[in-house]
$ cat start_9.txt   # compact mmCIF, C-alpha atoms and all ligand atoms
# COMPACT_ATOMS: atom_id res chain seq x y z
CA MET A 1 -201.38 67.12 -15.56
CA ALA A 2 -200.89 65.69 -12.08
CA MET A 3 -204.06 65.69 -10.02
CA ILE A 4 -203.76 67.48 -6.70
CA ASN A 5 -206.09 67.06 -3.76
CA LYS A 6 -206.93 63.47 -4.61
CA ALA A 7 -209.37 61.31 -2.70
CA VAL A 8 -207.83 58.46 -0.69
CA LYS A 9 -209.33 54.98 -0.73
CA VAL A 10 -210.30 53.82 2.77
CA SER A 11 -212.21 50.60 2.05
CA GLU A 12 -213.88 48.87 -0.87
CA HIS A 13 -216.55 51.56 -1.29
CA VAL A 14 -215.36 54.47 0.85
CA TYR A 15 -212.96 57.33 0.06
CA TRP A 16 -211.55 60.06 2.27
CA VAL A 17 -212.35 63.43 0.67
CA GLY A 18 -211.56 65.78 3.57
CA ALA A 19 -209.19 68.70 4.04
CA ILE A 20 -205.92 69.18 5.89
CA ASP A 21 -205.46 72.27 8.07
CA TRP A 22 -201.67 72.41 8.36
CA THR A 23 -201.41 75.68 10.25
CA ILE A 24 -204.23 75.78 12.79
CA ARG A 25 -202.70 76.20 16.24
CA ASP A 26 -205.73 77.06 18.36
CA PHE A 27 -208.96 75.10 18.44
CA HIS A 28 -211.27 76.99 20.78
CA GLY A 29 -208.62 77.16 23.47
CA TYR A 30 -206.91 73.82 22.78
CA THR A 31 -203.45 74.20 21.28
CA THR A 32 -203.08 72.13 18.12
CA LYS A 33 -199.35 72.10 17.55
CA ARG A 34 -199.57 69.51 14.81
CA GLY A 35 -202.49 71.11 12.94
CA SER A 36 -205.64 69.13 12.16
CA SER A 37 -207.73 67.59 9.43
CA TYR A 38 -211.46 67.76 8.76
CA ASN A 39 -212.41 64.35 7.45
CA ALA A 40 -215.30 63.86 5.06
CA TYR A 41 -216.05 60.55 3.37
CA LEU A 42 -217.65 59.57 0.10
CA ILE A 43 -219.43 56.23 -0.24
CA LEU A 44 -219.60 55.03 -3.83
CA ALA A 45 -222.85 53.10 -3.52
CA ASP A 46 -225.83 53.08 -5.91
CA LYS A 47 -226.82 56.18 -3.97
CA ILE A 48 -223.57 58.13 -3.74
CA THR A 49 -223.33 59.47 -0.20
CA LEU A 50 -221.22 62.16 1.42
CA ILE A 51 -220.63 61.79 5.17
CA ASP A 52 -219.93 65.16 6.81
CA THR A 53 -218.21 68.13 5.18
CA VAL A 54 -215.36 70.42 6.27
CA LYS A 55 -214.75 73.82 7.81
CA ALA A 56 -216.11 76.52 5.49
CA PRO A 57 -212.75 77.89 4.17
CA PHE A 58 -211.81 74.36 3.04
CA LYS A 59 -214.83 73.82 0.81
CA ASP A 60 -212.80 73.96 -2.42
CA GLU A 61 -210.39 71.33 -1.13
CA LEU A 62 -213.32 69.05 -0.32
CA LEU A 63 -214.86 69.60 -3.75
CA SER A 64 -211.58 68.99 -5.55
CA ARG A 65 -211.06 65.69 -3.73
CA ILE A 66 -214.64 64.64 -4.57
CA SER A 67 -214.03 65.71 -8.18
CA SER A 68 -211.02 63.39 -8.39
CA LEU A 69 -213.60 60.56 -8.23
CA ILE A 70 -216.99 61.81 -9.44
CA ASP A 71 -218.84 64.94 -10.46
CA PRO A 72 -220.00 66.42 -7.10
CA GLN A 73 -223.41 66.97 -8.70
CA ASP A 74 -223.79 63.17 -8.72
CA ILE A 75 -223.97 63.01 -4.92
CA ASP A 76 -227.37 61.57 -4.00
CA TYR A 77 -227.35 61.71 -0.21
CA MET A 78 -225.60 63.91 2.33
CA ILE A 79 -225.35 62.98 6.01
CA SER A 80 -224.26 65.21 8.88
CA ASN A 81 -222.91 63.19 11.83
CA HIS A 82 -221.99 66.32 13.80
CA SER A 83 -223.14 69.90 13.40
CA GLU A 84 -220.11 71.68 14.90
CA MET A 85 -218.87 73.99 12.21
CA ASP A 86 -215.55 72.25 11.54
CA HIS A 87 -217.71 69.52 9.93
CA SER A 88 -220.88 71.32 8.92
CA GLY A 89 -219.28 74.60 7.83
CA CYS A 90 -220.21 74.07 4.19
CA PHE A 91 -222.93 71.41 4.63
CA THR A 92 -225.94 73.61 3.98
CA GLU A 93 -224.14 75.58 1.27
CA LEU A 94 -223.34 72.32 -0.53
CA VAL A 95 -226.93 71.12 -0.13
CA LYS A 96 -228.04 74.25 -1.98
CA GLU A 97 -225.37 73.88 -4.69
CA LEU A 98 -225.46 70.11 -5.25
CA LYS A 99 -229.16 69.53 -4.57
CA PRO A 100 -228.82 65.96 -3.27
CA GLU A 101 -231.95 63.86 -3.35
CA LYS A 102 -231.93 63.48 0.45
CA THR A 103 -230.07 64.90 3.42
CA TYR A 104 -229.91 63.35 6.87
CA ALA A 105 -228.85 64.22 10.41
CA SER A 106 -229.77 63.08 13.92
CA THR A 107 -232.95 64.54 15.41
CA MET A 108 -230.87 67.04 17.35
CA GLY A 109 -228.65 67.60 14.31
CA VAL A 110 -231.61 68.73 12.22
CA LYS A 111 -232.34 71.42 14.82
CA ALA A 112 -228.68 72.39 15.20
CA LEU A 113 -228.16 72.80 11.45
CA ALA A 114 -231.32 74.90 11.19
CA ASN A 115 -230.15 77.09 14.08
CA HIS A 116 -226.59 77.48 12.87
CA PHE A 117 -227.30 78.25 9.26
CA ASN A 118 -230.88 79.54 9.30
CA PHE A 119 -231.51 76.54 7.09
CA SER A 120 -235.08 75.60 6.29
CA ASP A 121 -234.64 72.87 3.62
CA GLU A 122 -235.81 69.45 4.70
CA ILE A 123 -233.27 67.31 6.53
CA ILE A 124 -234.50 63.85 7.46
CA ALA A 125 -234.11 63.13 11.18
CA LEU A 126 -232.47 59.85 12.17
CA LYS A 127 -232.47 58.06 15.50
CA THR A 128 -230.61 55.07 16.91
CA SER A 129 -231.23 51.85 14.94
CA ASP A 130 -232.64 53.64 11.90
CA GLU A 131 -231.38 52.38 8.56
CA VAL A 132 -231.01 54.05 5.20
CA SER A 133 -230.74 52.02 2.01
CA LEU A 134 -228.13 53.14 -0.51
CA GLY A 135 -229.49 50.65 -3.07
CA ASN A 136 -226.74 48.03 -3.02
CA MET A 137 -225.68 48.83 0.56
CA LYS A 138 -227.18 50.12 3.75
CA LEU A 139 -226.27 52.47 6.57
CA SER A 140 -227.33 52.25 10.19
CA PHE A 141 -227.13 54.94 12.85
CA MET A 142 -226.48 55.39 16.54
CA GLU A 143 -227.16 58.69 18.29
CA THR A 144 -224.24 59.59 20.58
CA ARG A 145 -225.80 62.54 22.41
CA MET A 146 -223.31 64.77 24.25
CA LEU A 147 -220.35 63.00 22.70
CA HIS A 148 -219.63 65.68 22.52
CA TRP A 149 -222.61 67.73 21.28
CA PRO A 150 -226.32 66.92 21.55
CA ASP A 151 -226.47 66.24 17.80
CA SER A 152 -223.50 63.84 17.59
CA MET A 153 -224.17 60.56 15.79
CA PHE A 154 -222.31 57.48 14.50
CA THR A 155 -222.99 56.03 11.07
CA TYR A 156 -222.14 52.40 10.26
CA LEU A 157 -221.59 50.90 6.82
CA GLU A 158 -221.98 47.19 7.37
CA ASP A 159 -220.85 46.28 3.85
CA ASP A 160 -217.35 47.67 4.58
CA ASN A 161 -217.43 47.04 8.37
CA LEU A 162 -216.74 50.74 8.72
CA LEU A 163 -217.83 53.06 11.53
CA PHE A 164 -217.95 56.80 10.80
CA SER A 165 -217.39 58.06 14.35
CA GLN A 166 -217.30 61.88 13.92
CA ASP A 167 -215.14 63.42 16.68
CA ALA A 168 -214.83 60.21 18.72
CA PHE A 169 -211.51 58.37 18.26
CA GLY A 170 -210.19 61.46 16.45
CA MET A 171 -207.20 63.68 17.07
CA HIS A 172 -205.83 67.00 15.88
CA LEU A 173 -203.05 65.91 13.58
CA ALA A 174 -202.34 67.20 10.09
CA SER A 175 -200.53 64.57 8.02
CA ILE A 176 -200.18 63.22 4.52
CA GLU A 177 -200.64 59.73 5.99
CA ARG A 178 -204.33 58.87 6.27
CA PHE A 179 -204.05 55.78 8.49
CA ALA A 180 -202.94 55.56 12.10
CA ASP A 181 -200.74 52.55 11.37
CA GLU A 182 -198.62 54.70 9.03
CA ILE A 183 -197.68 57.11 11.82
CA ASP A 184 -195.38 56.69 14.80
CA ASN A 185 -197.28 55.27 17.79
CA GLY A 186 -195.77 57.86 20.15
CA ILE A 187 -197.38 60.67 18.15
CA ILE A 188 -200.68 58.84 17.70
CA ASP A 189 -200.99 57.93 21.38
CA TYR A 190 -200.11 61.45 22.56
CA GLU A 191 -202.48 63.21 20.17
CA ALA A 192 -205.36 60.76 20.75
CA ALA A 193 -205.00 61.17 24.53
CA THR A 194 -204.70 64.96 24.26
CA TYR A 195 -207.85 65.05 22.13
CA TYR A 196 -209.74 62.90 24.63
CA ALA A 197 -208.55 65.01 27.56
CA ASN A 198 -209.44 68.33 25.95
CA ILE A 199 -212.72 67.40 24.25
CA LEU A 200 -214.29 64.28 25.73
CA LEU A 201 -213.13 64.11 29.35
CA PRO A 202 -216.25 65.75 30.90
CA TYR A 203 -218.43 63.17 29.15
CA SER A 204 -216.47 60.14 30.35
CA PRO A 205 -219.49 58.37 31.94
CA LEU A 206 -221.27 58.65 28.59
CA VAL A 207 -218.18 57.28 26.81
CA LEU A 208 -218.31 54.19 29.04
CA ASN A 209 -222.01 53.72 28.16
CA LEU A 210 -221.28 54.18 24.49
CA LEU A 211 -218.45 51.63 24.48
CA GLU A 212 -220.87 49.17 26.07
CA GLN A 213 -223.59 50.06 23.57
CA VAL A 214 -221.22 49.52 20.63
CA LYS A 215 -220.11 46.18 22.09
CA ASN A 216 -223.71 45.07 22.61
CA ALA A 217 -224.70 46.11 19.09
CA GLY A 218 -222.56 43.21 17.85
CA LEU A 219 -221.12 45.20 14.98
CA ASP A 220 -218.10 43.69 13.25
CA ILE A 221 -216.19 46.98 13.08
CA ARG A 222 -212.90 46.70 11.19
CA ILE A 223 -212.33 50.35 10.34
CA ILE A 224 -213.04 53.45 12.43
CA ALA A 225 -213.14 56.64 10.39
CA PRO A 226 -213.22 59.73 12.64
CA ASP A 227 -213.72 63.35 11.61
CA HIS A 228 -210.19 64.43 12.64
CA GLY A 229 -206.79 62.88 12.12
CA PRO A 230 -205.91 59.41 10.90
CA ILE A 231 -208.24 56.47 10.25
CA TRP A 232 -207.99 53.30 12.35
CA ARG A 233 -207.78 50.08 10.31
CA LYS A 234 -205.40 47.89 12.37
CA ASP A 235 -205.47 46.78 16.00
CA LEU A 236 -208.71 48.64 16.81
CA GLY A 237 -208.67 47.05 20.27
CA ARG A 238 -205.82 49.36 21.21
CA ILE A 239 -207.72 52.65 20.73
CA LEU A 240 -210.88 51.12 22.22
CA GLU A 241 -208.90 50.06 25.32
CA PHE A 242 -207.39 53.52 25.61
CA TYR A 243 -210.90 55.02 25.55
CA GLN A 244 -212.03 52.59 28.23
CA GLN A 245 -209.02 53.51 30.38
CA TRP A 246 -209.37 57.28 29.91
CA ALA A 247 -213.12 57.20 30.51
CA ASN A 248 -212.63 55.24 33.74
CA GLN A 249 -210.44 58.12 34.96
CA LYS A 250 -208.50 55.69 37.07
CA PRO A 251 -205.56 57.70 38.42
CA ALA A 252 -201.96 56.53 38.39
CA ASN A 253 -199.48 57.17 41.19
CA LYS A 254 -198.67 60.56 39.72
CA ALA A 255 -199.08 64.19 40.74
CA VAL A 256 -199.24 67.29 38.55
CA VAL A 257 -197.70 70.35 40.18
CA LEU A 258 -199.05 73.39 38.40
CA TYR A 259 -197.73 76.84 39.12
CA ASP A 260 -196.74 80.25 37.86
CA THR A 261 -194.23 82.51 39.49
CA MET A 262 -193.19 86.18 39.65
CA TRP A 263 -189.68 86.12 41.12
CA HIS A 264 -189.08 82.35 41.25
CA SER A 265 -190.17 81.90 44.86
CA THR A 266 -193.29 79.90 44.00
CA GLU A 267 -191.13 78.01 41.50
CA LYS A 268 -188.67 77.03 44.22
CA MET A 269 -191.63 75.83 46.28
CA ALA A 270 -192.92 73.77 43.32
CA ARG A 271 -189.52 72.10 42.93
CA ALA A 272 -189.34 71.28 46.65
CA ILE A 273 -192.84 69.76 46.45
CA GLU A 274 -191.63 67.71 43.46
CA GLU A 275 -188.70 66.42 45.54
CA GLY A 276 -191.11 65.43 48.31
CA LEU A 277 -193.41 63.64 45.86
CA ARG A 278 -190.52 61.70 44.38
CA GLY A 279 -189.07 61.04 47.81
CA GLY A 280 -192.45 59.58 48.78
CA GLY A 281 -192.50 57.32 45.73
CA ALA A 282 -194.90 59.22 43.46
CA LYS A 283 -194.26 60.37 39.91
CA ALA A 284 -194.33 64.13 39.56
CA LYS A 285 -194.93 66.36 36.56
CA VAL A 286 -194.12 69.98 37.31
CA MET A 287 -195.65 72.43 34.88
CA SER A 288 -195.00 76.15 34.82
CA MET A 289 -197.80 78.07 33.17
CA GLY A 290 -195.12 80.29 31.67
CA ALA A 291 -193.87 77.29 29.71
CA HIS A 292 -196.93 75.09 29.16
CA HIS A 293 -200.29 75.46 27.50
CA ARG A 294 -203.49 74.60 29.34
CA SER A 295 -204.21 71.76 26.93
CA GLU A 296 -200.88 70.10 27.76
CA VAL A 297 -201.81 70.27 31.44
CA VAL A 298 -205.08 68.40 30.93
CA TYR A 299 -203.19 65.72 28.98
CA GLU A 300 -200.91 65.20 32.00
CA LEU A 301 -203.89 65.19 34.34
CA LEU A 302 -205.59 62.39 32.38
CA ASP A 303 -203.77 59.73 34.41
CA ALA A 304 -202.81 61.75 37.50
CA GLY A 305 -204.06 61.15 41.04
CA ALA A 306 -203.13 64.56 42.46
CA LEU A 307 -203.26 68.20 41.45
CA ILE A 308 -201.14 70.68 43.42
CA ALA A 309 -201.59 74.31 42.42
CA GLY A 310 -199.32 77.24 43.22
CA SER A 311 -199.38 80.97 42.64
CA PRO A 312 -197.83 84.02 44.21
CA THR A 313 -200.23 86.74 45.31
CA LEU A 314 -200.65 89.51 42.75
CA ASN A 315 -203.03 92.37 43.58
CA ASN A 316 -204.72 90.26 46.27
CA ASN A 317 -205.35 87.45 43.82
CA ILE A 318 -203.77 84.58 41.87
CA LEU A 319 -201.81 85.12 38.66
CA PRO A 320 -204.06 85.34 35.57
CA SER A 321 -202.29 82.36 33.98
CA MET A 322 -203.36 80.19 36.93
CA ALA A 323 -206.93 81.50 36.76
CA ASP A 324 -206.92 80.60 33.05
CA VAL A 325 -205.75 77.02 33.44
CA LEU A 326 -207.90 76.29 36.49
CA THR A 327 -211.03 77.65 34.79
CA TYR A 328 -210.28 75.38 31.83
CA LEU A 329 -209.61 72.34 34.04
CA LYS A 330 -212.75 72.93 36.11
CA GLY A 331 -214.87 72.79 32.95
CA LEU A 332 -213.28 69.49 31.93
CA LYS A 333 -214.29 67.90 35.27
CA PRO A 334 -211.29 65.68 36.03
CA LYS A 335 -212.18 63.20 38.78
CA ASN A 336 -210.55 61.24 41.59
CA LEU A 337 -207.93 63.84 42.49
CA VAL A 338 -206.34 64.75 45.80
CA GLY A 339 -204.35 67.96 46.10
CA ALA A 340 -203.28 71.12 47.85
CA ALA A 341 -202.39 74.77 47.21
CA PHE A 342 -199.22 76.76 47.77
CA GLY A 343 -197.67 80.11 46.96
CA SER A 344 -195.37 82.91 47.97
CA TYR A 345 -196.49 86.41 48.94
CA GLY A 346 -195.19 89.78 50.02
CA TRP A 347 -197.75 91.30 52.37
CA SER A 348 -201.39 90.28 51.90
CA GLY A 349 -200.99 86.63 50.72
CA GLU A 350 -204.48 85.70 49.49
CA SER A 351 -203.46 83.46 46.57
CA PRO A 352 -203.19 80.04 48.30
CA ALA A 353 -206.65 80.50 49.85
CA HIS A 354 -208.07 81.42 46.44
CA LEU A 355 -206.43 78.36 44.90
CA ASN A 356 -207.84 76.22 47.71
CA ASP A 357 -211.36 77.48 46.96
CA ILE A 358 -210.97 76.65 43.28
CA LEU A 359 -209.66 73.15 44.08
CA VAL A 360 -212.68 72.60 46.35
CA GLU A 361 -215.00 73.74 43.53
CA MET A 362 -213.23 71.19 41.31
CA LYS A 363 -214.00 68.51 43.93
CA VAL A 364 -210.31 67.89 44.57
CA GLU A 365 -209.86 66.25 47.99
CA LEU A 366 -207.52 68.55 49.93
CA VAL A 367 -204.92 66.71 51.98
CA SER A 368 -203.33 69.73 53.64
CA ASP A 369 -203.80 73.39 54.46
CA PRO A 370 -202.14 75.65 51.90
CA VAL A 371 -198.41 76.26 52.26
CA LYS A 372 -197.58 79.99 52.22
CA VAL A 373 -194.13 81.54 52.14
CA LYS A 374 -193.32 85.23 52.68
CA TYR A 375 -191.17 86.70 49.88
CA VAL A 376 -188.44 84.07 49.34
CA PRO A 377 -188.46 80.52 50.72
CA ASP A 378 -185.70 79.73 53.19
CA HIS A 379 -184.55 76.24 54.07
CA ASP A 380 -187.34 75.68 56.61
CA SER A 381 -190.00 76.81 54.12
CA LEU A 382 -188.63 74.45 51.51
CA VAL A 383 -188.80 71.62 54.03
CA LEU A 384 -192.51 72.45 54.53
CA CYS A 385 -192.95 72.18 50.76
CA TYR A 386 -191.01 68.92 50.65
CA ASN A 387 -193.25 67.58 53.41
CA LEU A 388 -196.36 68.60 51.49
CA GLY A 389 -195.12 66.63 48.47
CA GLN A 390 -194.34 63.65 50.64
CA LYS A 391 -197.76 63.79 52.33
CA ILE A 392 -199.48 63.75 48.96
CA ALA A 393 -197.27 60.87 47.81
CA GLU A 394 -198.32 58.94 50.93
CA LYS A 395 -201.98 59.67 50.23
CA LEU A 396 -201.55 58.40 46.68
CA LYS A 397 -199.78 55.30 47.95
CA GLU A 398 -202.71 54.61 50.34
CA GLU A 399 -205.15 54.81 47.44
CA PHE A 400 -203.11 52.39 45.39
CA GLU A 401 -202.63 50.00 48.28
CA ASP A 402 -206.40 49.96 48.83
CA GLU A 403 -206.92 48.37 45.44
FE1 LIG B 501 -214.65 68.34 15.31
FE2 LIG B 501 -216.99 68.74 17.68
O1 LIG B 501 -216.14 69.10 16.10
$ encode --input "start_9.txt" --output "structure tokens" --more "lines below"
Ligand code: FEO
Amino acid sequence: MAMINKAVKVSEHVYWVGAIDWTIRDFHGYTTKRGSSYNAYLILADKITLIDTVKAPFKDELLSRISSLIDPQDIDYMISNHSEMDHSGCFTELVKELKPEKTYASTMGVKALANHFNFSDEIIALKTSDEVSLGNMKLSFMETRMLHWPDSMFTYLEDDNLLFSQDAFGMHLASIERFADEIDNGIIDYEAATYYANILLPYSPLVLNLLEQVKNAGLDIRIIAPDHGPIWRKDLGRILEFYQQWANQKPANKAVVLYDTMWHSTEKMARAIEEGLRGGGAKAKVMSMGAHHRSEVVYELLDAGALIAGSPTLNNNILPSMADVLTYLKGLKPKNLVGAAFGSYGWSGESPAHLNDILVEMKVELVSDPVKVKYVPDHDSLVLCYNLGQKIAEKLKEEFEDE
């Protein structure tokens, strides 16, 4: 009988034994249009070791992939690199069922697993530079606090030059292919950037430190095995350079115009601003919140130098879709942005001022007072919008000329 849910060989001693979540479309507010995977890895050393587990409903898939290689009861060690429940969802349950000789997590991971699962069995705490012997091989560890949880940790298998990087270098992408080099670069680059923007962006200064720390550790890393999406085994410099670039948050000559509209007036304003941006030599990405998800917006903002936000006034306030996306963006702390607010109104007209306040809270440098238009923009109002776009394009140009 054909074996389903087989393990996939990653390196001489390591197998992928994770699960594929083909239909997940929402990951705590981040839209995952291509699904995801929860990657767990089995090291066939003298001490057979399982690195991470999967989301709880996928436990049987994990066990069947492990069973395609060994009896799960033969697992000697279990290691949790990250205690968020997409990776630890069945960790403590499996510890109880499989009774491994030893279990490990970072110092913070031990606490997080105990708190999540009311788990009182002993988990050995690991810190940076600790090593664990697997008999014929050895593992070393690097705590990666706040990348992106306090418990996050990297595990390195020197014998296979393989770094288990938990969420870092991952992406939400369900696929039969297990390696990044088997998938179209356009998809890989988009999903890796979207993952960075939606998960790691607020921790960018820590990412820069970590990249330096990994470089200084002198590890000869040839494979990076993250906890989501495909495994990197070719041209690792490419993903490492992307991380360096994203973490630097160095903006390009590009503006994101974000808006929602009631009767297309604010939309007309957004399009006139776009014309002004382009006329001034900047790239413009116009995004209606009726047509785009918040996680697509943060992807576009990853390399933008300006954020221009528009909303009509509804019940003395901004539209809920704009409140949603701006709340999300504020939490992700994008940096180095200039911007402005705009919007149409009927009688009270508070929305541009509200948007302005939010942009200030986001530390966006405002380059203009808000542009407000009563009811429907006429030619002169559209010229004001065009001029706003052009002014922001000029500001962006100044920043690029300063370099
Ligand atoms: Fe994939 Fe932070 O969990």
$ residues_near_ligand --input "start_9.txt" --ligand "ligand LIG 501 (chain B)" --cutoff "10 Å" --atoms "all atoms listed in the file" --output "ChimeraX atom specification"
/A:27,36-39,54-55,81-88,146-149,151-152,166-168,170-172,199-200,226-228
$ residues_around --input "start_9.txt" --residues "segment 204-207 of chain A" --least-positions-apart "3" --cutoff "8 Å" --atoms "all atoms listed in the file" --output "list in words"
Met146, Leu147, Leu200, Leu201, Leu210, Leu211, Tyr243, Gln244, Trp246, Ala247, Asn248 and Gln249 of chain A
$ residues_around --input "start_9.txt" --residues "Glu122 of chain A" --least-positions-apart "4" --cutoff "10 Å" --atoms "only C-alpha atoms" --output "MDAnalysis selection string"
chainID A and resid 102:104 110 114
$ atom_distance --input "start_9.txt" --atom1 "atom CA of Gly279 of chain A" --atom2 "atom CA of Val257 of chain A"
14.8 Å
$ atom_distance --input "start_9.txt" --atom1 "atom CA of Ile223 of chain A" --atom2 "atom CA of Asp130 of chain A"
20.6 Å
$ closest_residue --input "start_9.txt" --among "A:Glu93, A:Asp380, A:Glu101, A:Asp369" --to "Met269 of chain A" --atoms "all atoms listed in the file"
A:Asp380
$ closest_residue --input "start_9.txt" --among "A:Ile43, A:Ala353, A:Ala291, A:Leu173" --to "Pro230 of chain A" --atoms "all atoms listed in the file"
A:Leu173
$ residues_around --input "start_9.txt" --residues "segment 389-396 of chain A" --least-positions-apart "2" --cutoff "12 Å" --atoms "only C-alpha atoms" --output "number ranges by chain"
A: 251-257, 269-286, 304-309, 336-342, 365-371, 382-387, 398-403
$ atom_distance --input "start_9.txt" --atom1 "atom CA of Ala125 of chain A" --atom2 "atom CA of Ile79 of chain A"
10.2 Å
$ closest_residue --input "start_9.txt" --among "A:Ile51, A:Ala105, A:Ala192, A:Ile70" --to "Ala7 of chain A" --atoms "all atoms listed in the file"
A:Ile70
$ residues_around --input "start_9.txt" --residues "Val214 of chain A" --least-positions-apart "3" --cutoff "12 Å" --atoms "only C-alpha atoms" --output "list in words"
Thr128, Ser129, Phe141, Met142, Glu143, Thr144, Phe154, Thr155, Tyr156, Leu163, Ser165, Val207, Leu208, Asn209, Leu210, Leu211, Ala217, Gly218, Leu219, Asp220, Ile221 and Leu240 of chain A
$ residues_around --input "start_9.txt" --residues "Thr313 of chain A" --least-positions-apart "2" --cutoff "8 Å" --atoms "only C-alpha atoms" --output "list of chain:residue names"
A:Ser311, A:Asn315, A:Asn316, A:Asn317, A:Ile318, A:Leu319, A:Gly343, A:Ser344, A:Tyr345, A:Gly346, A:Ser348, A:Gly349, A:Glu350, A:Ser351, A:Pro352
$ closest_atom_pairs --input "start_9.txt" --of "segment 64-97 of chain A" --to "segment 13-25 of chain A" --cutoff "10 Å" --atoms "all atoms listed in the file" --output "CSV"
residue,atom,partner,partner_atom,distance
A:Ser64,CA,A:Val17,CA,8.4
A:Arg65,CA,A:Val17,CA,5.1
A:Ile66,CA,A:Val17,CA,5.8
A:Ser67,CA,A:Val17,CA,9.3
A:Ser68,CA,A:Val17,CA,9.2
A:Leu69,CA,A:Tyr15,CA,8.9
A:His87,CA,A:Gly18,CA,9.6
$ build_atoms --input "start_9.txt" --residues "segment 313-330 of chain A" --atoms "N, CA and C atoms" --output "PDB file, in the frame of the given file"
ATOM      1  N   THR A 313    -199.105  85.799  45.232  1.00  0.00           N
ATOM      2  CA  THR A 313    -200.230  86.740  45.310  1.00  0.00           C
ATOM      3  C   THR A 313    -199.907  87.973  44.474  1.00  0.00           C
ATOM      4  N   LEU A 314    -200.795  88.293  43.567  1.00  0.00           N
ATOM      5  CA  LEU A 314    -200.650  89.510  42.750  1.00  0.00           C
ATOM      6  C   LEU A 314    -201.948  90.308  42.891  1.00  0.00           C
ATOM      7  N   ASN A 315    -201.846  91.520  43.411  1.00  0.00           N
ATOM      8  CA  ASN A 315    -203.030  92.370  43.580  1.00  0.00           C
ATOM      9  C   ASN A 315    -204.154  91.639  44.307  1.00  0.00           C
ATOM     10  N   ASN A 316    -203.788  90.993  45.403  1.00  0.00           N
ATOM     11  CA  ASN A 316    -204.720  90.260  46.270  1.00  0.00           C
ATOM     12  C   ASN A 316    -205.339  89.026  45.592  1.00  0.00           C
ATOM     13  N   ASN A 317    -204.731  88.562  44.546  1.00  0.00           N
ATOM     14  CA  ASN A 317    -205.350  87.450  43.820  1.00  0.00           C
ATOM     15  C   ASN A 317    -204.279  86.509  43.283  1.00  0.00           C
ATOM     16  N   ILE A 318    -204.727  85.497  42.505  1.00  0.00           N
ATOM     17  CA  ILE A 318    -203.770  84.580  41.870  1.00  0.00           C
ATOM     18  C   ILE A 318    -203.336  85.164  40.530  1.00  0.00           C
ATOM     19  N   LEU A 319    -202.246  84.631  39.975  1.00  0.00           N
ATOM     20  CA  LEU A 319    -201.810  85.120  38.660  1.00  0.00           C
ATOM     21  C   LEU A 319    -202.846  84.750  37.603  1.00  0.00           C
ATOM     22  N   PRO A 320    -203.047  85.629  36.606  1.00  0.00           N
ATOM     23  CA  PRO A 320    -204.060  85.340  35.570  1.00  0.00           C
ATOM     24  C   PRO A 320    -203.829  84.018  34.855  1.00  0.00           C
ATOM     25  N   SER A 321    -202.563  83.635  34.682  1.00  0.00           N
ATOM     26  CA  SER A 321    -202.290  82.360  33.980  1.00  0.00           C
ATOM     27  C   SER A 321    -202.844  81.181  34.783  1.00  0.00           C
ATOM     28  N   MET A 322    -202.817  81.279  36.115  1.00  0.00           N
ATOM     29  CA  MET A 322    -203.360  80.190  36.930  1.00  0.00           C
ATOM     30  C   MET A 322    -204.892  80.207  36.896  1.00  0.00           C
ATOM     31  N   ALA A 323    -205.467  81.409  36.861  1.00  0.00           N
ATOM     32  CA  ALA A 323    -206.930  81.500  36.760  1.00  0.00           C
ATOM     33  C   ALA A 323    -207.385  80.883  35.430  1.00  0.00           C
ATOM     34  N   ASP A 324    -206.616  81.140  34.385  1.00  0.00           N
ATOM     35  CA  ASP A 324    -206.920  80.600  33.050  1.00  0.00           C
ATOM     36  C   ASP A 324    -206.949  79.080  33.082  1.00  0.00           C
ATOM     37  N   VAL A 325    -205.847  78.485  33.524  1.00  0.00           N
ATOM     38  CA  VAL A 325    -205.750  77.020  33.440  1.00  0.00           C
ATOM     39  C   VAL A 325    -206.750  76.349  34.372  1.00  0.00           C
ATOM     40  N   LEU A 326    -206.975  76.938  35.557  1.00  0.00           N
ATOM     41  CA  LEU A 326    -207.900  76.290  36.490  1.00  0.00           C
ATOM     42  C   LEU A 326    -209.348  76.411  36.023  1.00  0.00           C
ATOM     43  N   THR A 327    -209.679  77.519  35.375  1.00  0.00           N
ATOM     44  CA  THR A 327    -211.030  77.650  34.790  1.00  0.00           C
ATOM     45  C   THR A 327    -211.234  76.574  33.727  1.00  0.00           C
ATOM     46  N   TYR A 328    -210.213  76.388  32.911  1.00  0.00           N
ATOM     47  CA  TYR A 328    -210.280  75.380  31.830  1.00  0.00           C
ATOM     48  C   TYR A 328    -210.421  73.978  32.434  1.00  0.00           C
ATOM     49  N   LEU A 329    -209.580  73.679  33.428  1.00  0.00           N
ATOM     50  CA  LEU A 329    -209.610  72.340  34.040  1.00  0.00           C
ATOM     51  C   LEU A 329    -210.960  72.081  34.723  1.00  0.00           C
ATOM     52  N   LYS A 330    -211.475  73.105  35.397  1.00  0.00           N
ATOM     53  CA  LYS A 330    -212.750  72.930  36.110  1.00  0.00           C
ATOM     54  C   LYS A 330    -213.845  72.501  35.130  1.00  0.00           C
TER      55      LYS A 330
END
